[in-house]
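S.K.: Once you've had a glance at the structure underneath, I'll fire off some questions.
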Amino acid sequence: MSVANSAVQFHLPSVDRVLRWPAIEALIAAHGRTVVLMAIRAELEACRVHAAMAGGISNAVMAEAVAQRIATFVSPSLRKVYNLTGTVLHTNLGRAPLPPEAIAAMVEAASGASNLEYDLGTGERGDRDDHIEAWLCRLTGAEAATVVNNNAAAVLILLNTLALRKEVIVSRGELVEIGGAFRLPNIMTRAGCKLHEVGTTNRTHLRDYADAVSNRTGLLMKAHTSNYRIEGFTASVDETLIADVAGAKGLPFAVDLGSGTLVDMTRFGLPHEPTPAETLEKGAHLVTFSGDKLLGGPQAGIIVGRKELIARIKKNPMKRAMRCDKMTIAALEAVLRLYADPDRLIQRLPTLRLLARPVDEIEALARRVRPAVAGWASAQGNVDVVPLDSQIGSGSLPTNLLPSFGLRITPASVKRRSGRILEEIASTFRSLPTPVIGRISNGAFLLDLRCLEAEQDFIALFAGAPAI
Ligand SMILES: *Cc1c(COP(=O)(O)O)cnc(C)c1O
């Protein structure tokens, strides 16, 4: 036996003995035996590695360490944070915040039985899409609609349904990658389709589509290049013309819009984004878009368009594997209903409210919360109110910046303005009881206040935390 092992045997108590310590019995009373046992085992394992070298660990220290582990076990992993990154629809921070109407509908759906797939008129089996299809048709002018888990799934099932073992014609300039994992060419392969790229990166013409059509073609497709822009000597083909080529050959034509807002964003002073209604009007047979991007709803992938094509998608066995749960259906229905009154949408839909928030309102907010943040972080450096630029996020053009305001924390001395100091400041903000997520830019830590609505809670967060 090695020296380290004999030291372990000498110093470490058995699990049974630890369970009988008074401090541990109190933990069992509070949390139950199972989680306490998990924590003791994990702690003894850690001690086997560390204490053997350190020459042992006292009972009191170990009991405290077990209590700490339990505290971590029983606290939720998924937590509320303040998104002060300046990216409104931040994929890593959960994208669209939902309106109270949607939250109430989710709570109701989650709390008990509902007519999710039950026709209350006939008493027969219904379809979960029925709760949202009529609204999607009214809002987009489509004949039919269906919904799956997210837009990546919508594109996958569309391709698999309409072009299995066939070619899909797409412009080279539109082979998009969104957030790393979603790459159109990879989705095509997994959907069982063969990608037929046409044109060049910067220019694709109508004849490129027309020449590519053959008896192997299953679908013509266009993807909205939402997160990048090809500039200079460029050409792309308007949907109406591709629709004509597809129509003449009796082939379907689909457009992946990505964000797909249901209202004209320019009426809120935001950059124009093509809507599903416009895209269908231009002749697209099917349009896919996300529920939790500009639409401002729950994570979902929406497909709208021709009745016969939607019917085929609904019959694909993949639909069963990609269907939305009842909470998504509940939230989506509630959000779509808000669109019935576009004039009040800006007050009622948080995503839109945040995107269209007046810059002077954000500046005034920054001035009001600055003292609390400065009081807490004064040792870290200067806290100033500064103009900033927010982004829409989630694939919307990164070049379309929204003027905003926020706080800039600049490390006290120039010498300390190294990346590591800024990382430490960022980490300190993340360690607050409700983590605050900002961004590092140009030698400072920035908090963009566009997405801060709970002002009093935010101020209290700093007042309650020990200064750093
Ligand atoms: C965001 C996006 C997707 C993926 O949508 P998810 O809802 O995130 O799955 C697909 N295509 C385009 C063009 C997008 O912008």
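Going by the structure tokens order, chains are called A, B, ..., each with residues numbered from 1, while ligands are numbered from 1 in the order shown.
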Any chance you could tabulate, as JSON lines, the residues of range 226-273 of chain A at most 12 Å from range 187-206 of chain A with each one's nearest atom pair and distance in Å to one decimal, using only C-alpha atoms, in chain and rising number order?
M.R.:
{"residue": "A:Arg229", "atom": "CA", "partner": "A:Asn202", "partner_atom": "CA", "distance": 9.9}
{"residue": "A:Ile230", "atom": "CA", "partner": "A:Asn202", "partner_atom": "CA", "distance": 6.5}
{"residue": "A:Glu231", "atom": "CA", "partner": "A:Asn202", "partner_atom": "CA", "distance": 7.9}
{"residue": "A:Gly232", "atom": "CA", "partner": "A:Asn202", "partner_atom": "CA", "distance": 8.3}
{"residue": "A:Phe233", "atom": "CA", "partner": "A:Asn202", "partner_atom": "CA", "distance": 6.8}
{"residue": "A:Thr234", "atom": "CA", "partner": "A:Asn202", "partner_atom": "CA", "distance": 4.9}
{"residue": "A:Ala235", "atom": "CA", "partner": "A:Arg203", "partner_atom": "CA", "distance": 4.4}
{"residue": "A:Ser236", "atom": "CA", "partner": "A:Thr204", "partner_atom": "CA", "distance": 5.1}
{"residue": "A:Val237", "atom": "CA", "partner": "A:His205", "partner_atom": "CA", "distance": 5.9}
{"residue": "A:Asp238", "atom": "CA", "partner": "A:Leu206", "partner_atom": "CA", "distance": 8.6}
{"residue": "A:Glu239", "atom": "CA", "partner": "A:Leu206", "partner_atom": "CA", "distance": 10.2}
{"residue": "A:Thr240", "atom": "CA", "partner": "A:Leu206", "partner_atom": "CA", "distance": 10.5}
{"residue": "A:Leu241", "atom": "CA", "partner": "A:Leu206", "partner_atom": "CA", "distance": 7.0}
{"residue": "A:Ile242", "atom": "CA", "partner": "A:Leu206", "partner_atom": "CA", "distance": 7.0}
{"residue": "A:Ala243", "atom": "CA", "partner": "A:Leu206", "partner_atom": "CA", "distance": 10.5}
{"residue": "A:Asp244", "atom": "CA", "partner": "A:Leu206", "partner_atom": "CA", "distance": 10.0}
{"residue": "A:Val245", "atom": "CA", "partner": "A:Leu206", "partner_atom": "CA", "distance": 8.4}
{"residue": "A:Ala246", "atom": "CA", "partner": "A:Leu206", "partner_atom": "CA", "distance": 11.3}
S.K.: Considering only C-alpha atoms and all ligand atoms, give me a table of residues in chain A that are at most 6 Å from ligand 1, with the closest atom pair and distance in Å for each, as JSON lines.
M.R.:
{"residue": "A:Asn150", "atom": "CA", "partner": "ligand 1", "partner_atom_place_in_ligand_line": "7 (O)", "distance": 4.1}
{"residue": "A:Asn151", "atom": "CA", "partner": "ligand 1", "partner_atom_place_in_ligand_line": "7 (O)", "distance": 3.7}
{"residue": "A:Ala152", "atom": "CA", "partner": "ligand 1", "partner_atom_place_in_ligand_line": "9 (O)", "distance": 3.7}
{"residue": "A:Ile178", "atom": "CA", "partner": "ligand 1", "partner_atom_place_in_ligand_line": "2 (C)", "distance": 5.9}
{"residue": "A:Ala223", "atom": "CA", "partner": "ligand 1", "partner_atom_place_in_ligand_line": "13 (C)", "distance": 5.7}
{"residue": "A:His224", "atom": "CA", "partner": "ligand 1", "partner_atom_place_in_ligand_line": "13 (C)", "distance": 5.1}
{"residue": "A:Ser226", "atom": "CA", "partner": "ligand 1", "partner_atom_place_in_ligand_line": "15 (O)", "distance": 5.6}
{"residue": "A:Asp256", "atom": "CA", "partner": "ligand 1", "partner_atom_place_in_ligand_line": "13 (C)", "distance": 5.6}
{"residue": "A:Leu257", "atom": "CA", "partner": "ligand 1", "partner_atom_place_in_ligand_line": "13 (C)", "distance": 5.2}
{"residue": "A:Gly258", "atom": "CA", "partner": "ligand 1", "partner_atom_place_in_ligand_line": "14 (C)", "distance": 3.3}
{"residue": "A:Ser259", "atom": "CA", "partner": "ligand 1", "partner_atom_place_in_ligand_line": "15 (O)", "distance": 5.4}
{"residue": "A:Ser290", "atom": "CA", "partner": "ligand 1", "partner_atom_place_in_ligand_line": "7 (O)", "distance": 4.3}
{"residue": "A:Gly301", "atom": "CA", "partner": "ligand 1", "partner_atom_place_in_ligand_line": "7 (O)", "distance": 5.7}
{"residue": "A:Ser394", "atom": "CA", "partner": "ligand 1", "partner_atom_place_in_ligand_line": "1 (C)", "distance": 6.0}
{"residue": "A:Gly395", "atom": "CA", "partner": "ligand 1", "partner_atom_place_in_ligand_line": "15 (O)", "distance": 4.7}
S.K.: Using only C-alpha atoms, please write the residues we just selected to a file, as a short mmCIF file (atom, residue, chain, number, x, y, z; two decimals), in the first residue's frame.
M.R.:
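So the final result, stored in selection.cif, reads:
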data_model
loop_
_atom_site.label_atom_id
_atom_site.label_comp_id
_atom_site.auth_asym_id
_atom_site.auth_seq_id
_atom_site.Cartn_x
_atom_site.Cartn_y
_atom_site.Cartn_z
CA ASN A 150 -37.49 25.20 -33.85
CA ASN A 151 -36.73 26.61 -37.25
CA ALA A 152 -33.84 24.20 -37.82
CA ILE A 178 -26.33 30.21 -38.09
CA ALA A 223 -32.47 31.15 -47.53
CA HIS A 224 -32.63 34.64 -46.07
CA SER A 226 -29.91 37.21 -42.21
CA ASP A 256 -36.22 29.95 -45.07
CA LEU A 257 -36.72 33.41 -43.58
CA GLY A 258 -35.00 32.74 -40.25
CA SER A 259 -36.36 35.57 -38.17
CA SER A 290 -38.52 30.95 -35.84
CA GLY A 301 -40.28 26.50 -36.01
CA SER A 394 -30.28 35.87 -33.50
CA GLY A 395 -29.23 36.16 -37.07
#
S.K.: Within 12 Å of Asp16 in chain A, counting only C-alpha atoms, which residues qualify if same-chain residues fewer than 2 places away don't, as a VMD selection string?
M.R.: chain A and resid 12 to 14 18 to 21 24 to 25 33 36 to 37 40 to 41 44
S.K.: Go ahead and dump the residues you just picked, all heavy atoms, as a compact mmCIF listing (two decimals), in the first residue's frame.
M.R.:
# COMPACT_ATOMS: atom_id res chain seq x y z
N LEU A 12 -9.52 9.82 7.04
CA LEU A 12 -10.88 10.00 6.57
C LEU A 12 -11.89 9.12 7.31
O LEU A 12 -11.70 7.92 7.41
CB LEU A 12 -10.96 9.71 5.07
CG LEU A 12 -10.42 10.80 4.15
CD1 LEU A 12 -10.61 10.39 2.69
CD2 LEU A 12 -11.09 12.14 4.40
N PRO A 13 -12.96 9.71 7.81
CA PRO A 13 -14.00 8.94 8.49
C PRO A 13 -14.82 8.16 7.46
O PRO A 13 -14.80 8.47 6.27
CB PRO A 13 -14.86 10.02 9.16
CG PRO A 13 -14.67 11.23 8.31
CD PRO A 13 -13.28 11.15 7.74
N SER A 14 -15.56 7.17 7.93
CA SER A 14 -16.43 6.42 7.02
C SER A 14 -17.71 7.22 6.77
O SER A 14 -18.05 8.13 7.53
CB SER A 14 -16.81 5.08 7.65
OG SER A 14 -17.66 5.32 8.76
N VAL A 18 -19.85 9.80 9.36
CA VAL A 18 -20.20 11.19 9.02
C VAL A 18 -21.71 11.40 9.15
O VAL A 18 -22.17 12.43 9.63
CB VAL A 18 -19.71 11.55 7.59
CG1 VAL A 18 -20.13 12.97 7.20
CG2 VAL A 18 -18.20 11.41 7.50
N LEU A 19 -22.47 10.39 8.73
CA LEU A 19 -23.94 10.50 8.80
C LEU A 19 -24.45 10.73 10.22
O LEU A 19 -25.53 11.26 10.41
CB LEU A 19 -24.59 9.23 8.22
CG LEU A 19 -24.70 9.17 6.70
CD1 LEU A 19 -25.12 7.77 6.25
CD2 LEU A 19 -25.69 10.21 6.17
N ARG A 20 -23.65 10.32 11.21
CA ARG A 20 -24.11 10.45 12.60
C ARG A 20 -23.67 11.76 13.26
O ARG A 20 -24.06 12.04 14.39
CB ARG A 20 -23.61 9.25 13.44
CG ARG A 20 -24.38 7.96 13.09
CD ARG A 20 -24.15 6.88 14.13
NE ARG A 20 -22.76 6.47 14.22
CZ ARG A 20 -22.22 5.51 13.45
NH1 ARG A 20 -22.96 4.86 12.57
NH2 ARG A 20 -20.95 5.20 13.58
N TRP A 21 -22.86 12.58 12.58
CA TRP A 21 -22.47 13.86 13.16
C TRP A 21 -23.72 14.73 13.33
O TRP A 21 -24.57 14.76 12.41
CB TRP A 21 -21.49 14.62 12.25
CG TRP A 21 -20.14 13.96 12.09
CD1 TRP A 21 -19.64 12.92 12.80
CD2 TRP A 21 -19.15 14.33 11.12
NE1 TRP A 21 -18.39 12.59 12.36
CE2 TRP A 21 -18.06 13.46 11.32
CE3 TRP A 21 -19.05 15.30 10.14
CZ2 TRP A 21 -16.90 13.52 10.55
CZ3 TRP A 21 -17.91 15.37 9.38
CH2 TRP A 21 -16.84 14.49 9.59
N ILE A 24 -24.54 17.01 10.44
CA ILE A 24 -25.03 16.29 9.26
C ILE A 24 -26.47 15.84 9.48
O ILE A 24 -27.30 15.90 8.55
CB ILE A 24 -24.09 15.09 8.95
CG1 ILE A 24 -22.67 15.58 8.62
CG2 ILE A 24 -24.66 14.22 7.83
CD1 ILE A 24 -22.53 16.34 7.31
N GLU A 25 -26.79 15.44 10.71
CA GLU A 25 -28.18 15.05 10.99
C GLU A 25 -29.13 16.22 10.75
O GLU A 25 -30.23 16.04 10.23
CB GLU A 25 -28.31 14.53 12.43
CG GLU A 25 -27.76 13.10 12.52
CD GLU A 25 -27.87 12.50 13.92
OE1 GLU A 25 -28.03 13.27 14.90
OE2 GLU A 25 -27.80 11.27 14.01
N ARG A 33 -32.23 12.36 3.23
CA ARG A 33 -31.01 11.57 3.35
C ARG A 33 -30.27 11.39 2.03
O ARG A 33 -29.03 11.41 1.98
CB ARG A 33 -31.42 10.20 3.90
CG ARG A 33 -30.29 9.35 4.40
CD ARG A 33 -30.85 8.01 4.89
NE ARG A 33 -29.90 6.96 4.64
CZ ARG A 33 -28.96 6.62 5.51
NH1 ARG A 33 -28.88 7.22 6.67
NH2 ARG A 33 -28.08 5.68 5.22
N VAL A 36 -27.96 14.28 1.00
CA VAL A 36 -26.87 14.41 1.96
C VAL A 36 -25.83 13.32 1.70
O VAL A 36 -24.61 13.57 1.70
CB VAL A 36 -27.40 14.34 3.41
CG1 VAL A 36 -26.25 14.36 4.42
CG2 VAL A 36 -28.36 15.51 3.67
N LEU A 37 -26.32 12.12 1.43
CA LEU A 37 -25.42 10.99 1.14
C LEU A 37 -24.59 11.27 -0.12
O LEU A 37 -23.38 11.02 -0.15
CB LEU A 37 -26.29 9.74 0.96
CG LEU A 37 -25.63 8.39 1.19
CD1 LEU A 37 -24.95 8.34 2.55
CD2 LEU A 37 -26.68 7.28 1.09
N ILE A 40 -21.91 13.75 0.85
CA ILE A 40 -20.84 13.16 1.67
C ILE A 40 -19.91 12.33 0.80
O ILE A 40 -18.68 12.46 0.87
CB ILE A 40 -21.43 12.28 2.80
CG1 ILE A 40 -22.21 13.15 3.80
CG2 ILE A 40 -20.32 11.49 3.52
CD1 ILE A 40 -22.98 12.35 4.84
N ARG A 41 -20.48 11.52 -0.07
CA ARG A 41 -19.66 10.67 -0.95
C ARG A 41 -18.77 11.53 -1.84
O ARG A 41 -17.58 11.25 -2.00
CB ARG A 41 -20.56 9.79 -1.82
CG ARG A 41 -21.28 8.72 -1.00
CD ARG A 41 -21.51 7.45 -1.82
NE ARG A 41 -21.99 6.39 -0.95
CZ ARG A 41 -23.26 5.96 -0.93
NH1 ARG A 41 -24.15 6.48 -1.75
NH2 ARG A 41 -23.61 5.00 -0.10
N LEU A 44 -16.01 13.10 0.40
CA LEU A 44 -14.97 12.13 0.79
C LEU A 44 -14.06 11.83 -0.40
O LEU A 44 -12.85 11.70 -0.25
CB LEU A 44 -15.62 10.84 1.32
CG LEU A 44 -16.23 10.95 2.73
CD1 LEU A 44 -16.98 9.66 3.07
CD2 LEU A 44 -15.15 11.22 3.77
S.K.: I'd like the contact shell of Glu281 in chain A - 10 Å cut-off, only C-alpha atoms, skipping same-chain residues fewer than 5 positions apart - returned as a count of residues only.
M.R.: 7
S.K.: In terms of the shortest atom-to-atom distance over only C-alpha atoms, which of A:Ile409, A:Leu402, A:Val383, A:Met318 is closest to Ile157 in chain A?
M.R.: A:Met318
S.K.: DSSP on the backbone, then: every residue of range 77-222 of chain A marked helix (DSSP H, G or I), written as a PyMOL selection string.
M.R.: chain A and resi 91-93+100-111+130-140+151-163+172-174+184-190+206-212
S.K.: Would you mind listing what lies within 9 Å of Glu133 in chain A as a ChimeraX atom specification, with only C-alpha atoms counted and same-chain residues fewer than 2 positions away left out?
M.R.: /A:129-131,135-138,144-147,304
S.K.: For the selection just defined, write its residues with N, CA and C atoms to a file, as a PDB file, in the first residue's frame.
M.R.:
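That gives us part-v4.pdb:
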ATOM      1  N   ASP A 129     -51.795  21.367 -33.732  1.00  0.00           N
ATOM      2  CA  ASP A 129     -51.579  22.541 -34.588  1.00  0.00           C
ATOM      3  C   ASP A 129     -52.835  23.405 -34.701  1.00  0.00           C
ATOM      4  N   ASP A 130     -54.008  22.799 -34.466  1.00  0.00           N
ATOM      5  CA  ASP A 130     -55.265  23.547 -34.641  1.00  0.00           C
ATOM      6  C   ASP A 130     -55.309  24.816 -33.790  1.00  0.00           C
ATOM      7  N   HIS A 131     -54.628  24.806 -32.662  1.00  0.00           N
ATOM      8  CA  HIS A 131     -54.684  25.964 -31.766  1.00  0.00           C
ATOM      9  C   HIS A 131     -53.967  27.189 -32.334  1.00  0.00           C
ATOM     10  N   TRP A 135     -54.593  31.280 -36.640  1.00  0.00           N
ATOM     11  CA  TRP A 135     -53.937  32.571 -36.410  1.00  0.00           C
ATOM     12  C   TRP A 135     -52.777  32.779 -37.383  1.00  0.00           C
ATOM     13  N   LEU A 136     -51.987  31.739 -37.599  1.00  0.00           N
ATOM     14  CA  LEU A 136     -50.860  31.884 -38.532  1.00  0.00           C
ATOM     15  C   LEU A 136     -51.367  32.203 -39.939  1.00  0.00           C
ATOM     16  N   CYS A 137     -52.474  31.571 -40.337  1.00  0.00           N
ATOM     17  CA  CYS A 137     -53.035  31.837 -41.666  1.00  0.00           C
ATOM     18  C   CYS A 137     -53.543  33.272 -41.758  1.00  0.00           C
ATOM     19  N   ARG A 138     -54.250  33.721 -40.719  1.00  0.00           N
ATOM     20  CA  ARG A 138     -54.749  35.098 -40.727  1.00  0.00           C
ATOM     21  C   ARG A 138     -53.601  36.108 -40.801  1.00  0.00           C
ATOM     22  N   ALA A 144     -52.321  27.321 -45.107  1.00  0.00           N
ATOM     23  CA  ALA A 144     -52.178  26.333 -44.030  1.00  0.00           C
ATOM     24  C   ALA A 144     -50.876  26.586 -43.288  1.00  0.00           C
ATOM     25  N   ALA A 145     -50.760  26.004 -42.098  1.00  0.00           N
ATOM     26  CA  ALA A 145     -49.551  26.208 -41.288  1.00  0.00           C
ATOM     27  C   ALA A 145     -49.343  25.010 -40.371  1.00  0.00           C
ATOM     28  N   THR A 146     -48.089  24.803 -39.985  1.00  0.00           N
ATOM     29  CA  THR A 146     -47.785  23.788 -38.982  1.00  0.00           C
ATOM     30  C   THR A 146     -46.610  24.296 -38.162  1.00  0.00           C
ATOM     31  N   VAL A 147     -46.362  23.626 -37.037  1.00  0.00           N
ATOM     32  CA  VAL A 147     -45.318  24.118 -36.144  1.00  0.00           C
ATOM     33  C   VAL A 147     -44.532  22.946 -35.560  1.00  0.00           C
ATOM     34  N   VAL A 304     -45.423  27.950 -43.025  1.00  0.00           N
ATOM     35  CA  VAL A 304     -46.710  28.404 -43.568  1.00  0.00           C
ATOM     36  C   VAL A 304     -46.666  28.275 -45.082  1.00  0.00           C
TER      37      VAL A 304
END
S.K.: Fewer than 3 positions away in the same chain doesn't count, so skip those; otherwise give me all residues within 12 Å of Pro342 in chain A, counting only C-alpha atoms, as a PyMOL selection string.
M.R.: chain A and resi 139+262-265+267-268+335-339+345-349+352
S.K.: Between CA of Glu278 in chain A and CA of Glu143 in chain A, what is the distance in Å, rounded to a tenth?
M.R.: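 Going from CA of Glu278 in chain A over to CA of Glu143 in chain A, I get 14.1 Å.
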